[in-house]
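S.K.: Please see the structure below; I have some questions.
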Amino acid sequence: MSAQPLRISYIELQGTGDSIESIEVLYDDHRRSISRRGEYHFHEDFNQPLTVQGESISISVVRRRKLRIGPKQAPEVIKINVHDVLSELPTQKFQTMCNRLDITIGLSPSSLPSSAGSVQNANAPRPTTEELLNECPRFRILAIGQPGVGKSTLINRTFGIERASAENSEPGKASIEKELISQQNDRFVLHDSAGFEPADSVDCNNVKSFVEKRKKQEHVKDQLHAVWLCFQIPIASHENRLLDEGAETFLKEDIVVLQNIPTIVVFTKYDKLVNHMAVQNKTDPDAAAKEYLQEYCIDPIAKLTGSTHLSCVAVSSNAGHERGRSKLIELTHEKVTAAFGSQLGALSSASVVTQMAQRVSPSLKIEGSIAIGKQRYWRAPTDYTVLECLAAVHTDIVRVWNFNDPSQLLSSNDFREIMTSLIWTVGTSSGRSTPVVLPSVAGPALSKRVHGAFDVHHKFMAYIVHLVHVLEVLFALMAIDNGKKLTRGAISSALNAYYHSATRRDADIQIKGFDNETLRNAVLEKIVSLIRTSPIDEDANINALKSVSREDLERGEWYVDVDTSERRERLASLTNLINDLNIQFKKEGDIDVLTKIITFQRTALQLTPPGHQERVVSLVHLANSLHKRFRMEGTMEDLTEIITLWRAALQLTPQGHPRRVVNLVNFADSLYERFKKEGGMEDLEEIVTLRRAALQFTPPGHPGRFLSLVNLSNSLHERFIKGGTLADLDEIIAFRRAASECTAPTPSDQCMSLLNLADSLREKYQRLGMDADLAEAIKYARAASVRCPVEQDASCRDCVASCVELKAKKSRVSAPTVEAIDSGVEPSGIKQMVRNIIAEITQTLPLRLLNTYTGALCDRDAQISCFQDSAQYDELSSTYDSPECEQSVRKTVSKYFGYTTLSHRWGVGEPLLRNIQGNSVYDLDGGEGFAKLQNFCALTLRHGYRWAWSDTCCIDKDSSSELQEAIGSMFSWYRNSALTIVHLSDVSGTTSFADSIWFKRGWTLQELLASPRVLFYTQDWSLYMSRTSPNHKLDDTILTELQEATGIGELQLKNFSPGVFDARSKLQWASTRHTTRAEDVAYSLFGIFQVSLPVIYGETTQGALGRLLAEIVSQSGDVSVLDWVGEASPFHSYFPASLAPYQAAPRIPPVLSEPSKTNDVDLGKKHKLYNALAQLQSPRFLGRRLVLPCIVHRVIRVKLLATSSTTSHYDYEIIASGLVPLKLTLSHPLQEGSGTLADLPYALVRPCDPNLLHLLARSDIPGRLLEWLGQPFNALLLRSLLHNEYRRIASDCLINASIEDLGTVVNIQWRNLEIV
């Protein structure tokens, strides 16, 4: 059990790579799901914090399968030590990355013990920002602008991030309600609106509704703090417009909605305007740009809004225009401060968080630091110790500057210690200004009450001034990439630049000369005046910042550049202290003593200049001490620091240095420790690189060569089992063979070396099946058993047994189809890769293909054999085996097996499988059918393809199982073809193809929709209309004719997606088509609807069609399939007897107006009606019964109006409850009369569309639902049967029904009827 419970307020995870299906957190004996917020984004807030008593928590991640087939992937489990999380209590946030997941765990303040962080007791001062951030943790801004105006880049530059959204949103797509928060800067939240499309009131209404809702929020954190209206500056010669119709309407009529909300009009891409003026040869492009901006942007906006006081700013996101962005955020802050102004001297939380969030204006950061400091602690308080005050002050200032600091380096003890060293000599009598790093010793001296010592006042003032100035320098240093993650190197560079500046020296002098006997307000005034003296204005400091290299910024360790004499003196005393503590630790083994050693070693490292060889020794000593603590506690924070230290030590150790091999090995060992815990492939790749380098230092005969070979081969084996190549395995065998020839340190090591070699050879045999590998594996396994120590006896037996079992099993295993390649020849690594790729690609091919080179019909074995004999295969076989060649191999194999498909109307004498098999199609002569096939093969050759497929001869129609597979696969065969050749046998060169019988056949609809590339040929095999475009589906002329001939839209013709959605349209496309076999009317649609049903030749047309329609309704719930007029099917009364009734266009849903008509209806009844619909299930089939959710209007009167003796038609007047009386015509008589349901067994029903709620507008769904139900609809006439069943009565016309009284709609009842 953890000594201190962990309380979690939220968990957030963001990933990359494979899609994530679900995430759970496991703790103690509980598990909680984490909600999905996007494709790779999961977040869960806990109103009641999760309390973890155990020593660890686990994150269980289930990723989606790349293929639909195969077992479900096992979850990845990421284990996190509670102690590691608790170590971040002062920052209330733990962050780590593992398995391509960024993990953030929010810590509840209730987790904080009384001594957590920098606060030493319950009465210690709390940071001023804590209360402000509790009230308003993020600056909330709404950005409005059309896609492409540059608002996303503006947001990113202003707030120092790479992307405001954690999700992979499409450019130009925005949801105003969605909160976009970046992990790189979580002090602001963005709401994004895509602007106002012309004549589109939806976006405008969304903005107004959103703003009004935010105005009504009770808490400041939930209110809208600022709005940026972004418009691209129009340039007349570029035919740009400032405002579209929608934006003009909003500014003219709706801008009032933004009243009392800080609003700024932002004109973007100002740099383009300046450049345009320069191109126009303006004398002063900047002045000309400003005049243009006033005339064409600012004045029109003021005219539209009727206000000359609307704030406007011109900005650019490009370099050289930073001042515009600074002006924008400074103006925004000014307006936010005015809108959320201070009360009784208290700071506005919205104003402060605005300063925190922005990353472009250092002056706002400085003034924010001052504003926070003035509240409490900068007046030299007398109630706390200096350390207690400085802890709170430090936290406040760091929070205001708000760097991208996920590792919390600026809040770390290391940084606080360095800052303490900068003030150590301020106020002392020595007058020396050299900083002394004295973190532990400084504590007691600075613990005096503030009023108790002269120099403590000065140290207090110096700490604040120096901290703000260091952060200001760091801000300037990071200005080029102000969203980049902080490193110790970047902070150290800023520290060193400031330490050597005249500003720092002058500040020390002024602080020393300050009289602490003056009023306390004077302390504050002096601090403020010194802070406002910027070190960035100093030329020497500017040059120092320019000289900072990229390597310095990316350093992973601290370094402080101090005087040599002071440094050596301090290092000597620290070394003596560390040696004494090491002796004590060896005797007692006390981890507290070890922690003190680590603290002083870190201090010594800070005093060692970068690049100096003394620094290597300091790095090694600190790494070794941290490793001892890691062995005792196992914290990942220590391990990460160890790796950083070894990396730095290796960089400072030159080639050929005797210490280099030791550093290489230790660095690799540390990375391997992390790899065992996290499994990161980046670590493994680096381990392999380091092991290879270490091997170079141990030539043959070297005593360390055996261990180097073993370590390198083991690391390569780790990579191999995680998806490495056969080249890795060959290298592993070579290194292990070399190790077996070395003198091992012990017999146990020698035995293990032989066993590892045997296992590698066995793995190679299992991959490639080479007998020589298995024989050698058995030899080494037996050799290991001869030298085997007792403790390894079981391992030896298992190894020998595994190899022998493989040998015995070999003769019983059948070779797979792909064994056709190189039969009887042991394959190389490249050949094995080719085999695998061939097996994968040929699985998607039709069962048989015509070889157009020979005219022979080939099954898959024959296809592979042809490839074996090809020049392409010989070229691939000689390719060097490397991961880079796999893509080239795949491309070559895919191109080789590219095939064409034939789409045609069957004629007389079509050649079948039995006619072609065993012959060449080019040698046969059997009439038109054979000529057609030969022309098709010849065209295939001319288009550069070897393989061709025709439904006449490439399917064994005598095999019911093969026919079933072919019908189920035919859509995908046409979809995967390189080209579909359509032969129109009844179209000559001068006639239109619109009247061709090809457009009336059932199977050709699937062939047209499935094929990505199509060419139409006339009866003489010439291109239709002589159009030479590579794809007639993309030829505008032919595409227009195709739409007219088929009734199918352009988008569906170009890029059709199969499925049961929009079923009514697909049925309409097929309704005029016919097939030779009646059942094929339905079977030819299986691929279009992507359904898998048995093929039962011999069943009725109605049976086949009924099964298809029942499957469509069951999968989609689409009730439009039931909307038809004509003869009912004997399969089911709700389905037509044929597809002909679907020729009528589907009913278009009514367009709803504003739901004002329903405002007088009780709101509770609206919601009751809505909830009843929301709980309904979709229509479904149970056996042959349709369970249909619907509204039932019972028929209370039937009156015969007229009858026709010649046509047997009956005209009736029908009165049903709740409906306007209606007339209809039937082919069958009805029972006349009036009365109860028992007297008249009829009902008019309105089927429920399960997608209705998704189709309605989001605003006032219950009201719109009520309005929708009041619209006219197509009713269905049912007759009640026994056992509460119903049967549909087919009508000769649509039954158009209307609600009699809209007020009665709210009282309707939804029912589920069983219909046969």
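Here, A, B, ... name the chains of the structure tokens in the order displayed, residue numbers run from 1 inside each chain, and ligands are numbered from 1 in the same displayed order.
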Show which residues sit within 12 Å of range 644-648 of chain A, as an MDAnalysis selection string. Count only C-alpha atoms, and ignore same-chain residues fewer than 2 positions away.
M.R.: chainID A and resid 487:489 551:552 554:559 602 605 610:613 615:627 637:642 650:654 660:671 686:687 690
S.K.: Do a neighbour search on Gln1309 in chain A at 10 Å with only C-alpha atoms, toss out local chain neighbours closer than 4 positions, and write the hits as a ChimeraX atom specification.
M.R.: /A:1169,1172-1173,1190-1193,1305
S.K.: Mind writing the picked residues with all heavy atoms as a CSV table (one decimal), in the first residue's frame?
M.R.:
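New file again-v1.csv:
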chain,number,residue,atom,x,y,z
A,1169,LEU,N,-43.0,13.2,-26.0
A,1169,LEU,CA,-43.1,12.6,-27.3
A,1169,LEU,C,-41.7,12.3,-27.9
A,1169,LEU,O,-41.5,11.3,-28.5
A,1169,LEU,CB,-43.8,13.6,-28.2
A,1169,LEU,CG,-44.1,13.2,-29.7
A,1169,LEU,CD1,-45.0,12.0,-29.7
A,1169,LEU,CD2,-44.6,14.4,-30.5
A,1172,ALA,N,-40.3,9.2,-26.2
A,1172,ALA,CA,-40.9,8.0,-26.7
A,1172,ALA,C,-40.3,7.6,-28.0
A,1172,ALA,O,-40.0,6.4,-28.2
A,1172,ALA,CB,-42.4,8.2,-26.8
A,1173,LEU,N,-40.0,8.5,-28.9
A,1173,LEU,CA,-39.4,8.2,-30.2
A,1173,LEU,C,-37.9,7.8,-30.0
A,1173,LEU,O,-37.5,6.8,-30.6
A,1173,LEU,CB,-39.4,9.4,-31.1
A,1173,LEU,CG,-38.7,9.3,-32.5
A,1173,LEU,CD1,-39.3,8.1,-33.3
A,1173,LEU,CD2,-38.8,10.6,-33.3
A,1190,CYS,N,-44.3,2.4,-35.3
A,1190,CYS,CA,-45.2,3.3,-36.2
A,1190,CYS,C,-46.2,4.0,-35.3
A,1190,CYS,O,-46.4,3.7,-34.1
A,1190,CYS,CB,-45.8,2.5,-37.3
A,1190,CYS,SG,-46.9,1.2,-36.7
A,1191,ILE,N,-46.9,5.0,-35.9
A,1191,ILE,CA,-48.0,5.7,-35.4
A,1191,ILE,C,-49.2,5.1,-36.0
A,1191,ILE,O,-49.3,5.0,-37.3
A,1191,ILE,CB,-48.0,7.2,-35.6
A,1191,ILE,CG1,-46.7,7.8,-35.1
A,1191,ILE,CG2,-49.2,7.9,-35.0
A,1191,ILE,CD1,-46.4,9.2,-35.5
A,1192,VAL,N,-50.2,4.7,-35.2
A,1192,VAL,CA,-51.4,4.0,-35.7
A,1192,VAL,C,-52.6,4.9,-35.7
A,1192,VAL,O,-52.9,5.5,-34.6
A,1192,VAL,CB,-51.7,2.7,-34.9
A,1192,VAL,CG1,-52.9,2.0,-35.5
A,1192,VAL,CG2,-50.5,1.8,-35.0
A,1193,HIS,N,-53.3,5.1,-36.8
A,1193,HIS,CA,-54.5,5.8,-36.9
A,1193,HIS,C,-55.6,4.8,-37.3
A,1193,HIS,O,-55.7,4.3,-38.5
A,1193,HIS,CB,-54.5,6.9,-37.9
A,1193,HIS,CG,-53.4,7.9,-37.7
A,1193,HIS,ND1,-53.6,9.0,-36.9
A,1193,HIS,CD2,-52.1,8.0,-38.1
A,1193,HIS,CE1,-52.5,9.7,-36.8
A,1193,HIS,NE2,-51.5,9.1,-37.5
A,1305,VAL,N,-51.3,16.0,-32.1
A,1305,VAL,CA,-50.1,15.2,-32.4
A,1305,VAL,C,-49.4,14.9,-31.2
A,1305,VAL,O,-48.8,13.8,-31.0
A,1305,VAL,CB,-49.2,16.0,-33.4
A,1305,VAL,CG1,-47.9,15.3,-33.6
A,1305,VAL,CG2,-49.9,16.2,-34.7
S.K.: May I ask which of the residues A:Lys895, A:Arg631, A:Arg1194, A:Arg946 is the closest one to Leu1277 in chain A, counting only C-alpha atoms?
M.R.: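 Ranked by minimum distance to Leu1277 in chain A, first place goes to A:Arg1194.
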S.K.: Using only C-alpha atoms, determine which residues lie at most 6 Å from range 182-188 of chain A, disregarding the query and same-chain residues fewer than 3 positions distant; provide the list as a PyMOL selection string.
M.R.: chain A and resi 138-140+161+164+357+404
S.K.: Could you give me the residues within range 495-676 of chain A that DSSP places in alpha helix (DSSP H), as a ChimeraX atom specification?
M.R.: /A:495-499,502-512,520-531,539-546,550-553,564-588,591-606,613-633,636-652,660-676
S.K.: As an MDAnalysis selection string, please: the residues near range 1208-1219 of chain A (cut-off 9 Å, only C-alpha atoms, same-chain neighbours under 6 positions excluded).
M.R.: chainID A and resid 1192:1202 1225:1230 1234 1243:1244 1292 1297:1301 1304:1305
S.K.: Print the selection's residues with N, CA, C and O atoms to a file, as a short mmCIF file (atom, residue, chain, number, x, y, z; two decimals), in the first residue's frame.
M.R.:
data_model
loop_
_atom_site.label_atom_id
_atom_site.label_comp_id
_atom_site.auth_asym_id
_atom_site.auth_seq_id
_atom_site.Cartn_x
_atom_site.Cartn_y
_atom_site.Cartn_z
N VAL A 1192 -50.21 4.67 -35.23
CA VAL A 1192 -51.40 3.98 -35.75
C VAL A 1192 -52.61 4.92 -35.69
O VAL A 1192 -52.91 5.50 -34.64
N HIS A 1193 -53.28 5.06 -36.82
CA HIS A 1193 -54.54 5.80 -36.90
C HIS A 1193 -55.62 4.79 -37.29
O HIS A 1193 -55.68 4.34 -38.46
N ARG A 1194 -56.49 4.40 -36.36
CA ARG A 1194 -57.47 3.36 -36.66
C ARG A 1194 -58.53 3.92 -37.61
O ARG A 1194 -58.94 5.08 -37.52
N VAL A 1195 -58.99 3.08 -38.53
CA VAL A 1195 -60.01 3.46 -39.50
C VAL A 1195 -61.38 3.33 -38.84
O VAL A 1195 -61.74 2.26 -38.33
N ILE A 1196 -62.17 4.42 -38.84
CA ILE A 1196 -63.48 4.40 -38.18
C ILE A 1196 -64.63 4.48 -39.20
O ILE A 1196 -65.80 4.34 -38.84
N ARG A 1197 -64.31 4.66 -40.49
CA ARG A 1197 -65.35 4.66 -41.51
C ARG A 1197 -64.77 4.30 -42.86
O ARG A 1197 -63.70 4.81 -43.22
N VAL A 1198 -65.47 3.43 -43.62
CA VAL A 1198 -65.10 3.07 -44.99
C VAL A 1198 -66.35 3.21 -45.85
O VAL A 1198 -67.39 2.57 -45.56
N LYS A 1199 -66.28 4.03 -46.87
CA LYS A 1199 -67.43 4.24 -47.76
C LYS A 1199 -67.01 4.05 -49.20
O LYS A 1199 -66.05 4.66 -49.67
N LEU A 1200 -67.71 3.16 -49.93
CA LEU A 1200 -67.43 2.92 -51.34
C LEU A 1200 -67.99 4.06 -52.16
O LEU A 1200 -69.19 4.38 -52.08
N LEU A 1201 -67.15 4.69 -52.97
CA LEU A 1201 -67.58 5.80 -53.82
C LEU A 1201 -67.90 5.36 -55.23
O LEU A 1201 -68.85 5.84 -55.84
N ALA A 1202 -67.09 4.46 -55.77
CA ALA A 1202 -67.32 4.00 -57.14
C ALA A 1202 -66.57 2.69 -57.35
O ALA A 1202 -65.64 2.35 -56.61
N THR A 1225 -57.71 4.29 -54.12
CA THR A 1225 -58.15 3.28 -55.08
C THR A 1225 -57.43 1.98 -54.80
O THR A 1225 -56.20 1.96 -54.64
N LEU A 1226 -58.23 0.88 -54.74
CA LEU A 1226 -57.68 -0.44 -54.44
C LEU A 1226 -58.11 -1.44 -55.50
O LEU A 1226 -59.11 -1.24 -56.21
N SER A 1227 -57.35 -2.53 -55.59
CA SER A 1227 -57.72 -3.63 -56.48
C SER A 1227 -58.57 -4.66 -55.78
O SER A 1227 -59.03 -5.63 -56.41
N HIS A 1228 -58.74 -4.51 -54.46
CA HIS A 1228 -59.50 -5.48 -53.69
C HIS A 1228 -60.54 -4.71 -52.87
O HIS A 1228 -60.30 -3.60 -52.41
N PRO A 1229 -61.71 -5.31 -52.67
CA PRO A 1229 -62.77 -4.62 -51.91
C PRO A 1229 -62.45 -4.59 -50.43
O PRO A 1229 -61.75 -5.45 -49.90
N LEU A 1230 -62.97 -3.56 -49.73
CA LEU A 1230 -62.86 -3.44 -48.29
C LEU A 1230 -64.22 -3.62 -47.65
O LEU A 1230 -65.27 -3.43 -48.28
N SER A 1234 -68.89 1.79 -40.38
CA SER A 1234 -68.22 2.63 -39.40
C SER A 1234 -68.40 2.03 -38.03
O SER A 1234 -69.28 1.20 -37.81
N ALA A 1243 -56.36 -0.10 -40.33
CA ALA A 1243 -55.64 1.01 -39.72
C ALA A 1243 -54.71 1.63 -40.75
O ALA A 1243 -54.17 0.93 -41.62
N LEU A 1244 -54.56 2.95 -40.69
CA LEU A 1244 -53.54 3.65 -41.48
C LEU A 1244 -52.37 3.94 -40.55
O LEU A 1244 -52.56 4.47 -39.45
N ASP A 1292 -53.32 1.07 -55.18
CA ASP A 1292 -52.95 1.42 -56.55
C ASP A 1292 -52.42 2.84 -56.66
O ASP A 1292 -52.12 3.31 -57.76
N ALA A 1297 -51.71 11.23 -46.59
CA ALA A 1297 -52.49 11.52 -45.40
C ALA A 1297 -52.01 12.81 -44.75
O ALA A 1297 -50.83 13.16 -44.84
N SER A 1298 -52.95 13.52 -44.06
CA SER A 1298 -52.63 14.77 -43.36
C SER A 1298 -53.25 14.74 -41.97
O SER A 1298 -54.34 14.20 -41.78
N ILE A 1299 -52.53 15.35 -41.02
CA ILE A 1299 -53.02 15.43 -39.65
C ILE A 1299 -54.19 16.42 -39.59
O ILE A 1299 -54.13 17.52 -40.16
N GLU A 1300 -55.26 16.02 -38.92
CA GLU A 1300 -56.45 16.87 -38.84
C GLU A 1300 -56.22 18.06 -37.91
O GLU A 1300 -56.58 19.20 -38.22
N ASP A 1301 -55.61 17.83 -36.77
CA ASP A 1301 -55.41 18.91 -35.79
C ASP A 1301 -54.00 18.79 -35.22
O ASP A 1301 -53.67 17.78 -34.57
N THR A 1304 -53.38 17.75 -31.62
CA THR A 1304 -53.55 16.36 -31.15
C THR A 1304 -52.31 15.51 -31.35
O THR A 1304 -52.23 14.41 -30.84
N VAL A 1305 -51.34 16.04 -32.12
CA VAL A 1305 -50.14 15.24 -32.43
C VAL A 1305 -49.38 14.88 -31.17
O VAL A 1305 -48.82 13.80 -31.02
#
